[in-house]
file query_23.pdb (PDB, C-alpha atoms)
ATOM      1  CA  MET A   1     -44.777 130.453  86.831
ATOM      2  CA  SER A   2     -43.952 127.368  88.902
ATOM      3  CA  GLN A   3     -40.378 126.518  89.755
ATOM      4  CA  GLY A   4     -40.557 123.325  87.642
ATOM      5  CA  ALA A   5     -41.830 125.187  84.583
ATOM      6  CA  HIS A   6     -39.168 127.828  85.018
ATOM      7  CA  SER A   7     -36.486 125.141  85.262
ATOM      8  CA  ARG A   8     -37.698 123.414  82.090
ATOM      9  CA  ARG A   9     -37.746 126.726  80.206
ATOM     10  CA  ARG A  10     -34.234 127.513  81.391
ATOM     11  CA  ARG A  11     -32.950 124.092  80.179
ATOM     12  CA  MET A  12     -34.583 124.579  76.778
ATOM     13  CA  LEU A  13     -33.037 128.034  76.448
ATOM     14  CA  LEU A  14     -29.576 126.760  77.349
ATOM     15  CA  ALA A  15     -29.932 123.882  74.888
ATOM     16  CA  ALA A  16     -30.907 126.282  72.117
ATOM     17  CA  ILE A  17     -27.941 128.526  72.890
ATOM     18  CA  ALA A  18     -25.559 125.548  72.943
ATOM     19  CA  ALA A  19     -26.885 124.206  69.646
ATOM     20  CA  ALA A  20     -26.838 127.514  67.827
ATOM     21  CA  PRO A  21     -23.144 127.522  66.817
ATOM     22  CA  PHE A  22     -23.325 123.942  65.574
ATOM     23  CA  GLY A  23     -26.479 124.626  63.600
ATOM     24  CA  ALA A  24     -24.879 127.675  62.060
ATOM     25  CA  ALA A  25     -21.780 125.655  61.201
ATOM     26  CA  ALA A  26     -23.857 122.915  59.594
ATOM     27  CA  SER A  27     -25.803 125.486  57.623
ATOM     28  CA  ALA A  28     -22.582 127.140  56.453
ATOM     29  CA  LEU A  29     -21.183 123.749  55.434
ATOM     30  CA  ALA A  30     -24.298 122.924  53.461
ATOM     31  CA  GLN A  31     -24.059 126.263  51.672
ATOM     32  CA  THR A  32     -20.338 125.954  50.843
ATOM     33  CA  PRO A  33     -20.057 126.025  47.050
ATOM     34  CA  TYR A  34     -18.661 122.943  45.322
ATOM     35  CA  PRO A  35     -15.842 122.722  44.578
ATOM     36  CA  ASN A  36     -13.854 124.943  46.910
ATOM     37  CA  ARG A  37     -10.489 123.165  46.682
ATOM     38  CA  PRO A  38      -8.459 121.148  44.125
ATOM     39  CA  LEU A  39      -9.712 117.812  42.780
ATOM     40  CA  THR A  40      -7.713 114.653  42.051
ATOM     41  CA  LEU A  41      -8.236 112.499  38.950
ATOM     42  CA  ILE A  42      -6.734 109.031  39.398
ATOM     43  CA  VAL A  43      -5.252 107.370  36.312
ATOM     44  CA  PRO A  44      -4.681 103.629  36.949
ATOM     45  CA  PHE A  45      -1.698 103.523  34.546
ATOM     46  CA  ALA A  46       1.754 105.047  34.265
ATOM     47  CA  ALA A  47       2.199 108.469  32.708
ATOM     48  CA  GLY A  48       2.510 108.726  28.936
ATOM     49  CA  GLY A  49      -0.081 106.151  27.899
ATOM     50  CA  PRO A  50      -3.394 106.799  26.113
ATOM     51  CA  THR A  51      -5.498 106.902  29.289
ATOM     52  CA  ASP A  52      -3.054 109.328  30.888
ATOM     53  CA  ILE A  53      -2.985 111.627  27.851
ATOM     54  CA  LEU A  54      -6.780 111.713  27.668
ATOM     55  CA  ALA A  55      -7.043 112.262  31.425
ATOM     56  CA  ARG A  56      -4.800 115.329  31.295
ATOM     57  CA  VAL A  57      -6.865 116.915  28.541
ATOM     58  CA  ILE A  58     -10.090 116.195  30.436
ATOM     59  CA  ALA A  59      -8.545 117.532  33.663
ATOM     60  CA  GLU A  60      -7.700 120.824  31.950
ATOM     61  CA  GLY A  61     -11.276 121.210  30.745
ATOM     62  CA  LEU A  62     -12.739 120.347  34.140
ATOM     63  CA  ALA A  63     -10.478 122.878  35.821
ATOM     64  CA  ARG A  64     -11.668 125.594  33.447
ATOM     65  CA  ASP A  65     -15.318 124.835  34.163
ATOM     66  CA  LEU A  66     -15.094 124.139  37.898
ATOM     67  CA  GLY A  67     -12.693 126.958  38.698
ATOM     68  CA  GLN A  68     -10.379 124.662  40.673
ATOM     69  CA  PRO A  69      -7.205 122.749  39.721
ATOM     70  CA  VAL A  70      -7.657 119.082  38.800
ATOM     71  CA  VAL A  71      -4.507 117.137  39.649
ATOM     72  CA  VAL A  72      -3.798 113.941  37.688
ATOM     73  CA  GLU A  73      -2.459 111.176  39.932
ATOM     74  CA  ASN A  74      -0.930 108.117  38.251
ATOM     75  CA  PHE A  75      -1.407 104.958  40.308
ATOM     76  CA  PRO A  76      -0.503 102.004  38.043
ATOM     77  CA  GLY A  77      -0.421  98.269  38.670
ATOM     78  CA  ALA A  78      -2.339  95.019  38.246
ATOM     79  CA  GLY A  79      -4.076  95.981  35.025
ATOM     80  CA  GLY A  80      -5.593  99.123  36.514
ATOM     81  CA  THR A  81      -7.103  97.426  39.568
ATOM     82  CA  LEU A  82      -4.816  99.166  42.100
ATOM     83  CA  GLY A  83      -5.776 102.647  40.937
ATOM     84  CA  THR A  84      -9.437 101.680  40.767
ATOM     85  CA  ALA A  85      -9.334 100.328  44.328
ATOM     86  CA  ARG A  86      -7.704 103.571  45.484
ATOM     87  CA  ALA A  87     -10.585 105.562  44.010
ATOM     88  CA  VAL A  88     -13.183 103.263  45.583
ATOM     89  CA  ARG A  89     -11.637 103.847  49.028
ATOM     90  CA  ALA A  90     -11.529 107.633  48.623
ATOM     91  CA  PRO A  91     -14.016 109.895  50.458
ATOM     92  CA  ALA A  92     -17.258 110.258  48.518
ATOM     93  CA  ASP A  93     -17.108 114.033  48.471
ATOM     94  CA  GLY A  94     -16.495 114.751  44.794
ATOM     95  CA  TYR A  95     -12.833 115.630  45.232
ATOM     96  CA  THR A  96     -11.407 112.295  44.070
ATOM     97  CA  LEU A  97     -12.372 110.961  40.639
ATOM     98  CA  LEU A  98     -11.271 108.007  38.520
ATOM     99  CA  ILE A  99     -10.781 107.604  34.804
ATOM    100  CA  GLY A 100     -11.015 104.072  33.461
ATOM    101  CA  ASN A 101     -11.728 102.261  30.215
ATOM    102  CA  VAL A 102     -13.405  99.184  28.855
ATOM    103  CA  GLY A 103     -10.502  97.071  30.146
ATOM    104  CA  THR A 104     -10.019  98.373  33.665
ATOM    105  CA  LEU A 105     -13.736  98.678  34.334
ATOM    106  CA  ALA A 106     -15.649  96.149  32.238
ATOM    107  CA  ALA A 107     -13.264  93.297  31.412
ATOM    108  CA  ASN A 108     -11.498  93.213  34.779
ATOM    109  CA  ALA A 109     -14.805  92.414  36.443
ATOM    110  CA  THR A 110     -14.486  88.965  34.844
ATOM    111  CA  LEU A 111     -10.703  88.591  34.558
ATOM    112  CA  TYR A 112     -10.055  89.053  38.283
ATOM    113  CA  LYS A 113     -11.992  86.714  40.537
ATOM    114  CA  SER A 114     -11.165  88.407  43.842
ATOM    115  CA  LEU A 115     -11.333  92.161  43.317
ATOM    116  CA  PRO A 116     -11.747  94.242  46.516
ATOM    117  CA  TYR A 117     -14.606  96.140  44.888
ATOM    118  CA  ASP A 118     -17.637  95.716  42.657
ATOM    119  CA  VAL A 119     -17.334  98.136  39.760
ATOM    120  CA  LEU A 120     -21.111  98.261  39.305
ATOM    121  CA  LYS A 121     -21.855  98.943  42.985
ATOM    122  CA  ASP A 122     -18.883 100.873  44.357
ATOM    123  CA  LEU A 123     -18.478 103.549  41.676
ATOM    124  CA  ILE A 124     -20.816 106.099  40.099
ATOM    125  CA  PRO A 125     -20.320 106.624  36.346
ATOM    126  CA  LEU A 126     -20.313 110.335  35.496
ATOM    127  CA  ALA A 127     -19.685 110.383  31.740
ATOM    128  CA  SER A 128     -18.015 108.561  28.898
ATOM    129  CA  VAL A 129     -15.377 111.061  27.765
ATOM    130  CA  GLY A 130     -13.754 109.684  24.612
ATOM    131  CA  ASP A 131     -13.821 106.728  22.204
ATOM    132  CA  ALA A 132     -10.396 105.788  20.849
ATOM    133  CA  PRO A 133      -9.906 103.650  17.711
ATOM    134  CA  GLN A 134      -7.329 100.893  18.120
ATOM    135  CA  VAL A 135      -4.440 100.298  15.737
ATOM    136  CA  VAL A 136      -2.046  97.374  15.384
ATOM    137  CA  THR A 137       1.250  99.191  15.871
ATOM    138  CA  ALA A 138       4.398  97.254  14.979
ATOM    139  CA  ARG A 139       8.160  97.713  14.965
ATOM    140  CA  LYS A 140       9.084  99.638  11.849
ATOM    141  CA  ASP A 141      10.963  96.723  10.234
ATOM    142  CA  LEU A 142       8.092  94.228  10.540
ATOM    143  CA  PRO A 143       7.533  93.412   6.846
ATOM    144  CA  VAL A 144       3.731  93.658   6.741
ATOM    145  CA  THR A 145       1.014  96.127   5.779
ATOM    146  CA  GLY A 146      -2.643  95.431   6.430
ATOM    147  CA  LEU A 147      -4.296  92.752   8.511
ATOM    148  CA  ASP A 148      -4.061  89.968   5.917
ATOM    149  CA  GLN A 149      -0.281  90.243   5.662
ATOM    150  CA  PHE A 150      -0.024  90.518   9.421
ATOM    151  CA  ALA A 151      -2.112  87.356   9.884
ATOM    152  CA  THR A 152       0.099  85.403   7.468
ATOM    153  CA  TYR A 153       3.272  86.584   9.192
ATOM    154  CA  ALA A 154       1.912  85.907  12.688
ATOM    155  CA  ARG A 155       0.879  82.363  11.794
ATOM    156  CA  GLN A 156       4.389  81.674  10.563
ATOM    157  CA  HIS A 157       6.265  83.350  13.423
ATOM    158  CA  ALA A 158       3.898  83.261  16.419
ATOM    159  CA  ALA A 159       6.277  81.156  18.508
ATOM    160  CA  THR A 160       8.952  83.868  18.427
ATOM    161  CA  MET A 161       6.752  86.982  18.497
ATOM    162  CA  ASN A 162       5.804  89.145  21.463
ATOM    163  CA  ALA A 163       2.997  91.673  21.817
ATOM    164  CA  GLY A 164       3.040  94.432  24.407
ATOM    165  CA  ALA A 165       0.230  95.515  26.730
ATOM    166  CA  ALA A 166      -0.428  97.891  29.618
ATOM    167  CA  GLY A 167      -1.093  95.009  32.023
ATOM    168  CA  THR A 168      -3.542  92.132  32.097
ATOM    169  CA  GLY A 169      -7.058  93.478  31.648
ATOM    170  CA  SER A 170      -5.956  96.727  30.015
ATOM    171  CA  GLY A 171      -7.397  97.790  26.673
ATOM    172  CA  SER A 172      -4.172  96.883  24.874
ATOM    173  CA  PHE A 173      -4.171  93.462  26.537
ATOM    174  CA  LEU A 174      -7.745  92.807  25.434
ATOM    175  CA  GLY A 175      -6.854  93.936  21.926
ATOM    176  CA  SER A 176      -4.065  91.376  21.739
ATOM    177  CA  VAL A 177      -6.359  88.681  23.133
ATOM    178  CA  LEU A 178      -8.963  89.483  20.471
ATOM    179  CA  LEU A 179      -6.333  89.562  17.738
ATOM    180  CA  ASN A 180      -4.979  86.167  18.780
ATOM    181  CA  ALA A 181      -8.487  84.717  18.807
ATOM    182  CA  LYS A 182      -9.524  86.180  15.435
ATOM    183  CA  LEU A 183      -6.289  85.241  13.643
ATOM    184  CA  GLY A 184      -6.016  81.830  15.265
ATOM    185  CA  VAL A 185      -2.540  82.427  16.742
ATOM    186  CA  LYS A 186      -0.967  82.357  20.205
ATOM    187  CA  VAL A 187       1.425  85.275  20.369
ATOM    188  CA  SER A 188       2.821  85.845  23.872
ATOM    189  CA  ILE A 189       1.763  89.073  25.589
ATOM    190  CA  ALA A 190       4.336  91.034  27.607
ATOM    191  CA  ASN A 191       2.725  93.239  30.240
ATOM    192  CA  TYR A 192       4.028  96.705  31.135
ATOM    193  CA  ARG A 193       2.946  99.300  33.690
ATOM    194  CA  GLY A 194       1.501 101.426  30.903
ATOM    195  CA  ALA A 195       0.922 101.403  27.143
ATOM    196  CA  GLY A 196       3.398 104.240  26.692
ATOM    197  CA  LEU A 197       6.199 102.029  28.012
ATOM    198  CA  ALA A 198       5.163  99.198  25.691
ATOM    199  CA  LEU A 199       5.013 101.571  22.716
ATOM    200  CA  ASN A 200       8.557 102.762  23.448
ATOM    201  CA  ASP A 201       9.742  99.145  23.352
ATOM    202  CA  VAL A 202       7.986  98.606  20.026
ATOM    203  CA  ALA A 203       9.779 101.673  18.654
ATOM    204  CA  ALA A 204      13.076 100.304  19.988
ATOM    205  CA  GLY A 205      12.418  96.917  18.376
ATOM    206  CA  HIS A 206      12.383  95.023  21.679
ATOM    207  CA  ILE A 207       8.866  93.670  21.065
ATOM    208  CA  ASP A 208       6.991  93.144  17.804
ATOM    209  CA  TYR A 209       3.728  95.053  18.249
ATOM    210  CA  LEU A 210       0.892  96.144  20.461
ATOM    211  CA  VAL A 211      -2.756  96.965  19.897
ATOM    212  CA  ASP A 212      -2.769 100.589  20.933
ATOM    213  CA  SER A 213      -5.080 103.594  21.041
ATOM    214  CA  THR A 214      -4.579 106.176  18.346
ATOM    215  CA  THR A 215      -4.185 108.616  21.244
ATOM    216  CA  THR A 216      -0.552 107.565  21.613
ATOM    217  CA  SER A 217       0.299 105.680  18.420
ATOM    218  CA  THR A 218      -0.660 108.338  15.866
ATOM    219  CA  SER A 219       2.382 110.560  16.414
ATOM    220  CA  PHE A 220       4.724 107.558  16.471
ATOM    221  CA  ILE A 221       3.301 106.240  13.205
ATOM    222  CA  LYS A 222       3.413 109.596  11.454
ATOM    223  CA  SER A 223       7.027 110.144  12.521
ATOM    224  CA  GLY A 224       8.087 106.728  11.221
ATOM    225  CA  LEU A 225       9.138 105.404  14.628
ATOM    226  CA  VAL A 226       6.714 102.481  14.284
ATOM    227  CA  ARG A 227       4.613 100.913  11.544
ATOM    228  CA  GLY A 228       0.853 101.312  11.478
ATOM    229  CA  VAL A 229      -0.330  97.885  10.331
ATOM    230  CA  ALA A 230      -4.113  98.169  10.549
ATOM    231  CA  VAL A 231      -6.848 100.167  12.243
ATOM    232  CA  LEU A 232      -9.372  97.811  13.841
ATOM    233  CA  ARG A 233     -12.386  99.442  12.245
ATOM    234  CA  PRO A 234     -14.517  98.908   9.129
ATOM    235  CA  LYS A 235     -13.074 102.042   7.477
ATOM    236  CA  ARG A 236      -9.886 104.088   7.640
ATOM    237  CA  ILE A 237      -9.810 106.992  10.056
ATOM    238  CA  LYS A 238      -9.024 110.629   9.394
ATOM    239  CA  ALA A 239      -6.098 110.683  11.822
ATOM    240  CA  LEU A 240      -4.309 107.857   9.953
ATOM    241  CA  PRO A 241      -5.549 107.875   6.342
ATOM    242  CA  ASP A 242      -2.661 105.747   5.043
ATOM    243  CA  VAL A 243      -3.185 102.883   7.510
ATOM    244  CA  PRO A 244      -5.480 100.143   6.131
ATOM    245  CA  ALA A 245      -8.650  99.277   8.017
ATOM    246  CA  ALA A 246      -9.676  95.807   9.164
ATOM    247  CA  GLY A 247     -12.707  96.216   6.917
ATOM    248  CA  GLU A 248     -10.390  96.006   3.892
ATOM    249  CA  SER A 249      -9.108  92.587   4.973
ATOM    250  CA  GLY A 250     -10.393  89.077   5.388
ATOM    251  CA  PHE A 251     -11.369  90.034   8.937
ATOM    252  CA  PRO A 252     -13.986  92.763   8.319
ATOM    253  CA  ASP A 253     -15.768  92.161  11.633
ATOM    254  CA  LEU A 254     -12.664  92.875  13.733
ATOM    255  CA  HIS A 255     -13.903  96.195  15.105
ATOM    256  CA  TYR A 256     -12.390  97.242  18.428
ATOM    257  CA  ASP A 257     -12.593 100.667  20.081
ATOM    258  CA  ILE A 258     -11.761 101.708  23.636
ATOM    259  CA  TRP A 259     -14.281 103.835  25.517
ATOM    260  CA  ASN A 260     -13.040 105.896  28.455
ATOM    261  CA  MET A 261     -15.127 106.956  31.442
ATOM    262  CA  VAL A 262     -14.858 109.215  34.500
ATOM    263  CA  LEU A 263     -16.384 107.939  37.758
ATOM    264  CA  ALA A 264     -16.773 108.938  41.418
ATOM    265  CA  PRO A 265     -16.896 106.814  44.592
ATOM    266  CA  LYS A 266     -20.240 105.415  45.717
ATOM    267  CA  GLY A 267     -22.045 107.795  48.037
ATOM    268  CA  THR A 268     -21.034 110.983  46.274
ATOM    269  CA  PRO A 269     -23.924 113.450  46.825
ATOM    270  CA  PRO A 270     -26.400 113.686  43.903
ATOM    271  CA  ALA A 271     -25.861 117.437  43.565
ATOM    272  CA  VAL A 272     -22.113 116.893  43.192
ATOM    273  CA  VAL A 273     -22.676 114.093  40.673
ATOM    274  CA  ALA A 274     -24.894 116.428  38.665
ATOM    275  CA  ARG A 275     -22.332 119.243  38.780
ATOM    276  CA  LEU A 276     -19.492 116.971  37.680
ATOM    277  CA  GLY A 277     -21.608 115.477  34.909
ATOM    278  CA  GLN A 278     -22.424 118.947  33.659
ATOM    279  CA  ALA A 279     -18.746 119.956  33.726
ATOM    280  CA  LEU A 280     -17.679 116.808  31.894
ATOM    281  CA  ARG A 281     -20.248 117.282  29.122
ATOM    282  CA  LYS A 282     -19.057 120.847  28.653
ATOM    283  CA  THR A 283     -15.439 119.693  28.617
ATOM    284  CA  ILE A 284     -16.088 116.984  26.018
ATOM    285  CA  GLY A 285     -17.685 119.438  23.610
ATOM    286  CA  ASP A 286     -15.218 122.240  24.285
ATOM    287  CA  ALA A 287     -13.270 123.465  21.247
ATOM    288  CA  GLN A 288      -9.981 123.356  23.163
ATOM    289  CA  THR A 289     -10.580 119.716  24.120
ATOM    290  CA  GLN A 290     -11.417 118.674  20.568
ATOM    291  CA  ALA A 291      -8.430 120.560  19.169
ATOM    292  CA  LYS A 292      -6.165 118.385  21.325
ATOM    293  CA  LEU A 293      -7.947 115.037  20.942
ATOM    294  CA  GLY A 294      -9.281 115.199  17.374
ATOM    295  CA  PRO A 295      -5.916 114.850  15.579
ATOM    296  CA  SER A 296      -5.198 111.635  17.490
ATOM    297  CA  GLY A 297      -8.488 110.069  16.387
ATOM    298  CA  VAL A 298     -10.312 110.223  19.734
ATOM    299  CA  GLU A 299     -14.014 110.676  19.054
ATOM    300  CA  VAL A 300     -16.838 112.276  21.036
ATOM    301  CA  PRO A 301     -19.085 109.638  22.672
ATOM    302  CA  ALA A 302     -22.790 109.456  21.921
ATOM    303  CA  GLU A 303     -24.739 112.168  23.775
ATOM    304  CA  ARG A 304     -26.546 109.666  25.978
ATOM    305  CA  GLN A 305     -23.236 108.181  27.128
ATOM    306  CA  GLN A 306     -22.041 111.628  28.184
ATOM    307  CA  THR A 307     -24.620 111.576  31.014
ATOM    308  CA  PRO A 308     -24.386 109.653  34.309
ATOM    309  CA  GLU A 309     -27.387 107.532  33.305
ATOM    310  CA  GLY A 310     -26.024 106.704  29.862
ATOM    311  CA  ALA A 311     -22.546 106.027  31.191
ATOM    312  CA  ALA A 312     -24.010 103.613  33.744
ATOM    313  CA  GLU A 313     -25.836 101.771  30.952
ATOM    314  CA  LEU A 314     -22.626 101.578  28.908
ATOM    315  CA  LEU A 315     -20.663 100.174  31.848
ATOM    316  CA  ALA A 316     -23.267  97.562  32.801
ATOM    317  CA  GLY A 317     -23.682  96.429  29.194
ATOM    318  CA  SER A 318     -19.932  96.185  28.657
ATOM    319  CA  VAL A 319     -19.416  94.169  31.845
ATOM    320  CA  ALA A 320     -22.017  91.684  30.618
ATOM    321  CA  ASN A 321     -20.593  91.510  27.084
ATOM    322  CA  TRP A 322     -16.999  90.957  28.207
ATOM    323  CA  ARG A 323     -18.105  88.362  30.747
ATOM    324  CA  THR A 324     -19.660  86.362  27.923
ATOM    325  CA  LEU A 325     -16.604  86.753  25.679
ATOM    326  CA  LEU A 326     -13.890  86.092  28.265
ATOM    327  CA  SER A 327     -15.652  83.206  29.990
ATOM    328  CA  GLY A 328     -15.064  81.100  26.891
ATOM    329  CA  MET A 329     -11.334  81.916  26.807
ATOM    330  CA  ASN A 330     -10.494  80.526  30.254
ATOM    331  CA  ILE A 331      -8.587  83.672  31.291
ATOM    332  CA  ARG A 332      -8.973  84.312  35.017
ATOM    333  CA  LEU A 333      -6.623  85.991  37.475
ATOM    334  CA  ASP A 334      -6.298  85.969  41.240
TER     335      ASP A 334
END

call {"tool": "encode", "arguments": {"input": "query_23.pdb", "output": "structure tokens"}}
result
Amino acid sequence: MSQGAHSRRRRMLLAAIAAAPFGAAASALAQTPYPNRPLTLIVPFAAGGPTDILARVIAEGLARDLGQPVVVENFPGAGGTLGTARAVRAPADGYTLLIGNVGTLAANATLYKSLPYDVLKDLIPLASVGDAPQVVTARKDLPVTGLDQFATYARQHAATMNAGAAGTGSGSFLGSVLLNAKLGVKVSIANYRGAGLALNDVAAGHIDYLVDSTTTSTSFIKSGLVRGVAVLRPKRIKALPDVPAAGESGFPDLHYDIWNMVLAPKGTPPAVVARLGQALRKTIGDAQTQAKLGPSGVEVPAERQQTPEGAAELLAGSVANWRTLLSGMNIRLD
């Protein structure tokens, strides 16, 4: 063998030896099971609200299926946009997730003109995890029952009334906007850092009402702390059988539910997306999950919407629908 050939062979052998540890490390990394450490689920509202309550139930189910703790992190502010931005900036490794709803994800895409993210491009929908009926929840001494009586009262007292909401763009905010538009009134909306805080002020009589998810309002209504005025659905719901439905009033088309969705940052590996989607579907249908959510009126989403593909369709369609609706109301935020 010539000296040059021997030298080339020696260099190749040394290169192979040098690369071996790194190749082994890469192979070990690729074979590391997911997940192998705790996950974080970001809630873009304060603790105690409907999104937070749902998130904690979903986190428990995910932890059971994935075999790792799922820590709920509340990051409220700016109608859910701060928490959403935090999730967008997180590493796309499947260890940071976001829960959002029709307000924080779909409506905010139109309400805020300078968001630091594009909800349709920077997040991957994993599954819709719960549909919550909305109920007009009022201070207990508001002298109305049903949507017709509420409309009459609001038209007479709109100038002195206040509605609560979990921040501009939140589901409760959108509910109040819709209610104002349908009833032809202009009730002022007071924004809080979470629906739970607004609900406490309704119970204390500091504000008149809020449009809230049954997730949080049901127990308050049943205990007599607040008055359930009307469920914004065609028919009454099992969780609140004594509360009239919008379908019984002169506003039968006032149907408003809040869908809730779990998402991951853009770039999350397909295998991780698939594993999380599988875990979420199992969690949604789990008996323990339904035992906790069913009594508050939260319903299981359609099967298609429990998949990443179906959730993506739901999000894109909702962004388009709310853009059409809100564009005519001249509500835009910086």

call {"tool": "resolve_selection", "arguments": {"input": "query_23.pdb", "expression": "the PyMOL selection byres ((chain A and resi 217-231) around 9)", "output": "VMD selection string"}}
result
chain A and resid 50 133 to 142 144 to 147 149 to 150 196 199 202 to 205 209 212 to 216 232 to 237 239 to 240 242 to 247 255 to 256 295 to 297

call {"tool": "write_last_selection", "arguments": {"input": "query_23.pdb", "atoms": "C-alpha atoms", "output": "mmCIF file, in the coordinates of the input"}}
result
data_model
loop_
_atom_site.group_PDB
_atom_site.id
_atom_site.type_symbol
_atom_site.label_atom_id
_atom_site.label_comp_id
_atom_site.auth_asym_id
_atom_site.auth_seq_id
_atom_site.Cartn_x
_atom_site.Cartn_y
_atom_site.Cartn_z
ATOM 1 C CA PRO A 50 -3.394 106.799 26.113
ATOM 2 C CA PRO A 133 -9.906 103.650 17.711
ATOM 3 C CA GLN A 134 -7.329 100.893 18.120
ATOM 4 C CA VAL A 135 -4.440 100.298 15.737
ATOM 5 C CA VAL A 136 -2.046 97.374 15.384
ATOM 6 C CA THR A 137 1.250 99.191 15.871
ATOM 7 C CA ALA A 138 4.398 97.254 14.979
ATOM 8 C CA ARG A 139 8.160 97.713 14.965
ATOM 9 C CA LYS A 140 9.084 99.638 11.849
ATOM 10 C CA ASP A 141 10.963 96.723 10.234
ATOM 11 C CA LEU A 142 8.092 94.228 10.540
ATOM 12 C CA VAL A 144 3.731 93.658 6.741
ATOM 13 C CA THR A 145 1.014 96.127 5.779
ATOM 14 C CA GLY A 146 -2.643 95.431 6.430
ATOM 15 C CA LEU A 147 -4.296 92.752 8.511
ATOM 16 C CA GLN A 149 -0.281 90.243 5.662
ATOM 17 C CA PHE A 150 -0.024 90.518 9.421
ATOM 18 C CA GLY A 196 3.398 104.240 26.692
ATOM 19 C CA LEU A 199 5.013 101.571 22.716
ATOM 20 C CA VAL A 202 7.986 98.606 20.026
ATOM 21 C CA ALA A 203 9.779 101.673 18.654
ATOM 22 C CA ALA A 204 13.076 100.304 19.988
ATOM 23 C CA GLY A 205 12.418 96.917 18.376
ATOM 24 C CA TYR A 209 3.728 95.053 18.249
ATOM 25 C CA ASP A 212 -2.769 100.589 20.933
ATOM 26 C CA SER A 213 -5.080 103.594 21.041
ATOM 27 C CA THR A 214 -4.579 106.176 18.346
ATOM 28 C CA THR A 215 -4.185 108.616 21.244
ATOM 29 C CA THR A 216 -0.552 107.565 21.613
ATOM 30 C CA LEU A 232 -9.372 97.811 13.841
ATOM 31 C CA ARG A 233 -12.386 99.442 12.245
ATOM 32 C CA PRO A 234 -14.517 98.908 9.129
ATOM 33 C CA LYS A 235 -13.074 102.042 7.477
ATOM 34 C CA ARG A 236 -9.886 104.088 7.640
ATOM 35 C CA ILE A 237 -9.810 106.992 10.056
ATOM 36 C CA ALA A 239 -6.098 110.683 11.822
ATOM 37 C CA LEU A 240 -4.309 107.857 9.953
ATOM 38 C CA ASP A 242 -2.661 105.747 5.043
ATOM 39 C CA VAL A 243 -3.185 102.883 7.510
ATOM 40 C CA PRO A 244 -5.480 100.143 6.131
ATOM 41 C CA ALA A 245 -8.650 99.277 8.017
ATOM 42 C CA ALA A 246 -9.676 95.807 9.164
ATOM 43 C CA GLY A 247 -12.707 96.216 6.917
ATOM 44 C CA HIS A 255 -13.903 96.195 15.105
ATOM 45 C CA TYR A 256 -12.390 97.242 18.428
ATOM 46 C CA PRO A 295 -5.916 114.850 15.579
ATOM 47 C CA SER A 296 -5.198 111.635 17.490
ATOM 48 C CA GLY A 297 -8.488 110.069 16.387
#

call {"tool": "residues_around", "arguments": {"input": "query_23.pdb", "residues": "stretch 102-114 of chain A", "least_positions_apart": "6", "cutoff": "9 Å", "atoms": "all atoms listed in the file", "output": "PyMOL selection string"}}
result
chain A and resi 44+79-81+84+120+168-174+257-261+315-323+326-327+331-334

call {"tool": "residues_around", "arguments": {"input": "query_23.pdb", "residues": "A:Pro125", "least_positions_apart": "4", "cutoff": "8 Å", "atoms": "only C-alpha atoms", "output": "VMD selection string"}}
result
chain A and resid 261 to 264 308 to 309 311 to 312 315

call {"tool": "residues_near_point", "arguments": {"input": "query_23.pdb", "point": "(-7.0, 113.1, 29.1)", "cutoff": "10 Å", "atoms": "all atoms listed in the file", "output": "list in words"}}
result
Leu41, Val43, Gly49, Pro50, Thr51, Asp52, Ile53, Leu54, Ala55, Arg56, Val57, Ile58, Ala59, Glu60, Gly61, Val72, Ile99, Val129, Gly130, Thr215, Asn260, Thr289, Lys292 and Leu293 of chain A

call {"tool": "write_last_selection", "arguments": {"input": "query_23.pdb", "atoms": "C-alpha atoms", "output": "compact mmCIF listing (two decimals), keeping the file's coordinate frame"}}
result
# COMPACT_ATOMS: atom_id res chain seq x y z
CA LEU A 41 -8.24 112.50 38.95
CA VAL A 43 -5.25 107.37 36.31
CA GLY A 49 -0.08 106.15 27.90
CA PRO A 50 -3.39 106.80 26.11
CA THR A 51 -5.50 106.90 29.29
CA ASP A 52 -3.05 109.33 30.89
CA ILE A 53 -2.98 111.63 27.85
CA LEU A 54 -6.78 111.71 27.67
CA ALA A 55 -7.04 112.26 31.42
CA ARG A 56 -4.80 115.33 31.30
CA VAL A 57 -6.86 116.92 28.54
CA ILE A 58 -10.09 116.20 30.44
CA ALA A 59 -8.54 117.53 33.66
CA GLU A 60 -7.70 120.82 31.95
CA GLY A 61 -11.28 121.21 30.74
CA VAL A 72 -3.80 113.94 37.69
CA ILE A 99 -10.78 107.60 34.80
CA VAL A 129 -15.38 111.06 27.76
CA GLY A 130 -13.75 109.68 24.61
CA THR A 215 -4.18 108.62 21.24
CA ASN A 260 -13.04 105.90 28.46
CA THR A 289 -10.58 119.72 24.12
CA LYS A 292 -6.16 118.38 21.32
CA LEU A 293 -7.95 115.04 20.94

call {"tool": "closest_residue", "arguments": {"input": "query_23.pdb", "among": "A:Thr152, A:Gln306, A:Thr324, A:Asn36", "to": "A:Leu66", "atoms": "all atoms listed in the file"}}
result
A:Asn36

call {"tool": "atom_distance", "arguments": {"input": "query_23.pdb", "atom1": "atom CA of A:Val119", "atom2": "atom CA of A:Thr307"}}
result
17.6 Å

call {"tool": "atom_distance", "arguments": {"input": "query_23.pdb", "atom1": "atom CA of A:Val71", "atom2": "atom CA of A:Thr40"}}
result
4.7 Å

call {"tool": "resolve_selection", "arguments": {"input": "query_23.pdb", "expression": "the PyMOL selection byres ((chain A and resi 267) around 12)", "output": "ChimeraX atom specification"}}
result
/A:88-94,121-125,263-266,268-273

call {"tool": "atom_distance", "arguments": {"input": "query_23.pdb", "atom1": "atom CA of A:His206", "atom2": "atom CA of A:Ser188"}}
result
13.4 Å
